[in-house]
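Asks: Sharing target.pdb (PDB, C-alpha atoms, pLDDT in the B column) below.
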ATOM      1  CA  MET A   1    -162.940  45.145-125.983  1.00 66.00           C
ATOM      2  CA  LYS A   2    -162.162  42.535-128.626  1.00 72.00           C
ATOM      3  CA  ARG A   3    -159.884  40.555-126.278  1.00 78.00           C
ATOM      4  CA  ARG A   4    -162.559  40.551-123.602  1.00 79.00           C
ATOM      5  CA  ARG A   5    -165.175  39.239-126.040  1.00 80.00           C
ATOM      6  CA  ILE A   6    -162.825  36.474-127.185  1.00 80.00           C
ATOM      7  CA  ALA A   7    -162.082  35.513-123.574  1.00 79.00           C
ATOM      8  CA  VAL A   8    -165.768  35.411-122.639  1.00 80.00           C
ATOM      9  CA  THR A   9    -166.662  33.433-125.766  1.00 84.00           C
ATOM     10  CA  THR A  10    -163.875  30.953-125.068  1.00 84.00           C
ATOM     11  CA  ALA A  11    -164.962  30.539-121.454  1.00 81.00           C
ATOM     12  CA  VAL A  12    -168.602  29.979-122.402  1.00 78.00           C
ATOM     13  CA  ALA A  13    -167.728  27.521-125.180  1.00 79.00           C
ATOM     14  CA  THR A  14    -165.367  25.573-122.925  1.00 81.00           C
ATOM     15  CA  SER A  15    -167.921  25.395-120.126  1.00 75.00           C
ATOM     16  CA  ALA A  16    -170.631  24.239-122.505  1.00 71.00           C
ATOM     17  CA  ALA A  17    -168.363  21.614-124.041  1.00 70.00           C
ATOM     18  CA  LEU A  18    -167.502  20.228-120.619  1.00 70.00           C
ATOM     19  CA  LEU A  19    -170.916  20.398-118.950  1.00 67.00           C
ATOM     20  CA  LEU A  20    -173.406  19.456-121.663  1.00 66.00           C
ATOM     21  CA  PRO A  21    -172.158  15.922-122.427  1.00 61.00           C
ATOM     22  CA  ALA A  22    -171.761  15.120-118.719  1.00 56.00           C
ATOM     23  CA  GLY A  23    -175.488  14.723-118.099  1.00 57.00           C
ATOM     24  CA  PRO A  24    -176.349  12.080-120.697  1.00 57.00           C
ATOM     25  CA  ALA A  25    -173.043  10.239-120.262  1.00 53.00           C
ATOM     26  CA  ALA A  26    -173.602   9.830-116.535  1.00 54.00           C
ATOM     27  CA  ALA A  27    -177.090   8.425-117.104  1.00 56.00           C
ATOM     28  CA  GLN A  28    -175.947   5.642-119.436  1.00 65.00           C
ATOM     29  CA  GLN A  29    -174.256   2.400-118.531  1.00 69.00           C
ATOM     30  CA  PRO A  30    -173.257   0.608-121.725  1.00 75.00           C
ATOM     31  CA  VAL A  31    -172.150  -2.626-120.021  1.00 79.00           C
ATOM     32  CA  ASP A  32    -173.515  -3.947-116.743  1.00 79.00           C
ATOM     33  CA  ALA A  33    -170.997  -6.256-115.100  1.00 79.00           C
ATOM     34  CA  THR A  34    -173.649  -8.063-113.048  1.00 83.00           C
ATOM     35  CA  THR A  35    -175.386  -9.444-116.131  1.00 85.00           C
ATOM     36  CA  GLN A  36    -172.682  -9.141-118.790  1.00 83.00           C
ATOM     37  CA  GLY A  37    -169.569 -10.116-116.865  1.00 86.00           C
ATOM     38  CA  GLY A  38    -167.702 -11.586-119.823  1.00 89.00           C
ATOM     39  CA  VAL A  39    -168.268  -8.556-122.026  1.00 88.00           C
ATOM     40  CA  ALA A  40    -167.232  -6.214-119.214  1.00 88.00           C
ATOM     41  CA  PHE A  41    -164.011  -8.167-118.681  1.00 92.00           C
ATOM     42  CA  VAL A  42    -163.146  -8.135-122.389  1.00 91.00           C
ATOM     43  CA  LEU A  43    -163.800  -4.391-122.655  1.00 89.00           C
ATOM     44  CA  PHE A  44    -161.677  -3.770-119.568  1.00 91.00           C
ATOM     45  CA  ALA A  45    -158.824  -5.892-120.955  1.00 94.00           C
ATOM     46  CA  VAL A  46    -158.972  -4.069-124.306  1.00 94.00           C
ATOM     47  CA  THR A  47    -158.884  -0.727-122.489  1.00 92.00           C
ATOM     48  CA  VAL A  48    -155.867  -1.746-120.404  1.00 95.00           C
ATOM     49  CA  PHE A  49    -153.930  -3.022-123.428  1.00 95.00           C
ATOM     50  CA  ALA A  50    -154.799   0.096-125.452  1.00 94.00           C
ATOM     51  CA  PHE A  51    -153.607   2.290-122.584  1.00 94.00           C
ATOM     52  CA  ALA A  52    -150.345   0.318-122.336  1.00 93.00           C
ATOM     53  CA  ALA A  53    -149.787   0.578-126.101  1.00 92.00           C
ATOM     54  CA  ILE A  54    -150.363   4.328-126.039  1.00 91.00           C
ATOM     55  CA  ILE A  55    -147.962   4.822-123.121  1.00 93.00           C
ATOM     56  CA  PHE A  56    -145.350   2.638-124.849  1.00 91.00           C
ATOM     57  CA  SER A  57    -145.617   4.585-128.101  1.00 89.00           C
ATOM     58  CA  MET A  58    -145.427   7.927-126.303  1.00 89.00           C
ATOM     59  CA  ASP A  59    -142.281   6.812-124.469  1.00 87.00           C
ATOM     60  CA  ARG A  60    -140.744   5.619-127.720  1.00 82.00           C
ATOM     61  CA  VAL A  61    -141.408   8.966-129.407  1.00 80.00           C
ATOM     62  CA  ARG A  62    -139.912  10.782-126.420  1.00 79.00           C
ATOM     63  CA  ARG A  63    -136.755   8.658-126.569  1.00 80.00           C
ATOM     64  CA  ARG A  64    -136.379   9.220-130.320  1.00 79.00           C
ATOM     65  CA  ARG A  65    -136.657  12.983-129.878  1.00 77.00           C
ATOM     66  CA  ARG A  66    -134.091  12.916-127.079  1.00 78.00           C
ATOM     67  CA  ASP A  67    -131.661  10.886-129.210  1.00 74.00           C
ATOM     68  CA  ASP A  68    -132.056  13.269-132.162  1.00 72.00           C
ATOM     69  CA  ASP A  69    -131.002  16.244-130.043  1.00 65.00           C
TER      70      ASP A  69
END
Translate the structure described by the file into C-alpha cells.

Replies:
Amino acid sequence: MKRRRIAVTTAVATSAALLLPAGPAAAQQPVDATTQGGVAFVLFAVTVFAFAAIIFSMDRVRRRRRDDD
C-alpha cells in the first residue's frame, strides 16, 4: 500500500510540475523579433554560445573521466 501511495504521489507531482507552468509560459513572449530585432539577435547569440560552452565542458569532463579509468 505504501509503495502504491508513493507512486501515485510521484505521478501527480510530476504531472503538476510539467503541466502547470506550461500555460503561463506559452502565453508570454518576452522578446518580439518584429519590433526588437537587435535584442532578439543578441539573446539568440548568447543562447547559442552558452549551449556550445556547456557541450564543450561536458565533453571535457567525459574525456577526463575516460582518461582516469

Asks: Please indicate the distance in Å from atom CA of Pro30 of chain A to atom CA of Ile55 of chain A, rounded to one decimal place.

Replies: 25.7 Å

Asks: What is the distance, in Å and to one decimal place, between atom CA of Ala45 of chain A and atom CA of Ala33 of chain A?

Replies: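 Separating atom CA of Ala45 of chain A from atom CA of Ala33 of chain A is a distance of 13.5 Å.
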
Asks: Atom CA of Val42 of chain A and atom CA of Ser57 of chain A are how many Å apart?

Replies: 22.4 Å

Asks: Mind writing segment 5-66 of chain A to a file for me, with C-alpha atoms, as a PDB file, in the first residue's frame?

Replies:
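Writing done, so here's out_19.pdb:
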ATOM      1  CA  ARG A   5       0.812   5.755  -2.468  1.00  0.00           C
ATOM      2  CA  ILE A   6       4.372   6.866  -3.220  1.00  0.00           C
ATOM      3  CA  ALA A   7       3.937   6.009  -6.907  1.00  0.00           C
ATOM      4  CA  VAL A   8       0.642   7.895  -7.155  1.00  0.00           C
ATOM      5  CA  THR A   9       2.048  10.902  -5.293  1.00  0.00           C
ATOM      6  CA  THR A  10       5.094  10.957  -7.558  1.00  0.00           C
ATOM      7  CA  ALA A  11       2.946  10.732 -10.680  1.00  0.00           C
ATOM      8  CA  VAL A  12       0.647  13.540  -9.545  1.00  0.00           C
ATOM      9  CA  ALA A  13       3.544  15.787  -8.507  1.00  0.00           C
ATOM     10  CA  THR A  14       5.387  15.185 -11.777  1.00  0.00           C
ATOM     11  CA  SER A  15       2.285  15.882 -13.846  1.00  0.00           C
ATOM     12  CA  ALA A  16       1.570  19.068 -11.927  1.00  0.00           C
ATOM     13  CA  ALA A  17       5.161  20.245 -12.262  1.00  0.00           C
ATOM     14  CA  LEU A  18       5.082  19.702 -16.014  1.00  0.00           C
ATOM     15  CA  LEU A  19       1.592  20.991 -16.803  1.00  0.00           C
ATOM     16  CA  LEU A  20       1.094  23.997 -14.529  1.00  0.00           C
ATOM     17  CA  PRO A  21       3.953  26.197 -15.803  1.00  0.00           C
ATOM     18  CA  ALA A  22       3.130  25.386 -19.439  1.00  0.00           C
ATOM     19  CA  GLY A  23       0.058  27.618 -19.554  1.00  0.00           C
ATOM     20  CA  PRO A  24       1.569  30.939 -18.476  1.00  0.00           C
ATOM     21  CA  ALA A  25       4.857  30.299 -20.287  1.00  0.00           C
ATOM     22  CA  ALA A  26       3.087  29.732 -23.591  1.00  0.00           C
ATOM     23  CA  ALA A  27       1.127  32.970 -23.218  1.00  0.00           C
ATOM     24  CA  GLN A  28       4.204  35.165 -22.765  1.00  0.00           C
ATOM     25  CA  GLN A  29       6.618  36.356 -25.399  1.00  0.00           C
ATOM     26  CA  PRO A  30       9.491  38.162 -23.699  1.00  0.00           C
ATOM     27  CA  VAL A  31      11.111  39.424 -26.920  1.00  0.00           C
ATOM     28  CA  ASP A  32       9.272  40.152 -30.151  1.00  0.00           C
ATOM     29  CA  ALA A  33      11.646  39.928 -33.099  1.00  0.00           C
ATOM     30  CA  THR A  34       9.478  42.151 -35.306  1.00  0.00           C
ATOM     31  CA  THR A  35       9.928  45.176 -33.053  1.00  0.00           C
ATOM     32  CA  GLN A  36      13.040  44.253 -31.068  1.00  0.00           C
ATOM     33  CA  GLY A  37      15.194  42.592 -33.703  1.00  0.00           C
ATOM     34  CA  GLY A  38      18.530  43.582 -32.190  1.00  0.00           C
ATOM     35  CA  VAL A  39      17.635  42.325 -28.730  1.00  0.00           C
ATOM     36  CA  ALA A  40      16.310  39.062 -30.168  1.00  0.00           C
ATOM     37  CA  PHE A  41      19.540  38.524 -32.105  1.00  0.00           C
ATOM     38  CA  VAL A  42      21.715  39.194 -29.052  1.00  0.00           C
ATOM     39  CA  LEU A  43      19.657  36.826 -26.889  1.00  0.00           C
ATOM     40  CA  PHE A  44      19.848  34.154 -29.580  1.00  0.00           C
ATOM     41  CA  ALA A  45      23.629  34.569 -29.893  1.00  0.00           C
ATOM     42  CA  VAL A  46      24.061  34.352 -26.107  1.00  0.00           C
ATOM     43  CA  THR A  47      21.937  31.195 -26.048  1.00  0.00           C
ATOM     44  CA  VAL A  48      23.969  29.571 -28.826  1.00  0.00           C
ATOM     45  CA  PHE A  49      27.302  30.396 -27.173  1.00  0.00           C
ATOM     46  CA  ALA A  50      26.054  29.188 -23.774  1.00  0.00           C
ATOM     47  CA  PHE A  51      24.897  25.930 -25.357  1.00  0.00           C
ATOM     48  CA  ALA A  52      28.282  25.474 -27.066  1.00  0.00           C
ATOM     49  CA  ALA A  53      30.133  26.166 -23.803  1.00  0.00           C
ATOM     50  CA  ILE A  54      28.003  23.644 -21.931  1.00  0.00           C
ATOM     51  CA  ILE A  55      28.542  20.962 -24.585  1.00  0.00           C
ATOM     52  CA  PHE A  56      32.294  21.672 -24.597  1.00  0.00           C
ATOM     53  CA  SER A  57      32.536  21.397 -20.815  1.00  0.00           C
ATOM     54  CA  MET A  58      30.501  18.188 -20.756  1.00  0.00           C
ATOM     55  CA  ASP A  59      32.780  16.642 -23.388  1.00  0.00           C
ATOM     56  CA  ARG A  60      35.847  17.708 -21.435  1.00  0.00           C
ATOM     57  CA  VAL A  61      34.527  16.101 -18.246  1.00  0.00           C
ATOM     58  CA  ARG A  62      33.732  12.917 -20.165  1.00  0.00           C
ATOM     59  CA  ARG A  63      37.260  12.762 -21.591  1.00  0.00           C
ATOM     60  CA  ARG A  64      38.826  13.325 -18.162  1.00  0.00           C
ATOM     61  CA  ARG A  65      36.777  10.501 -16.658  1.00  0.00           C
ATOM     62  CA  ARG A  66      37.742   8.187 -19.511  1.00  0.00           C
TER      63      ARG A  66
END
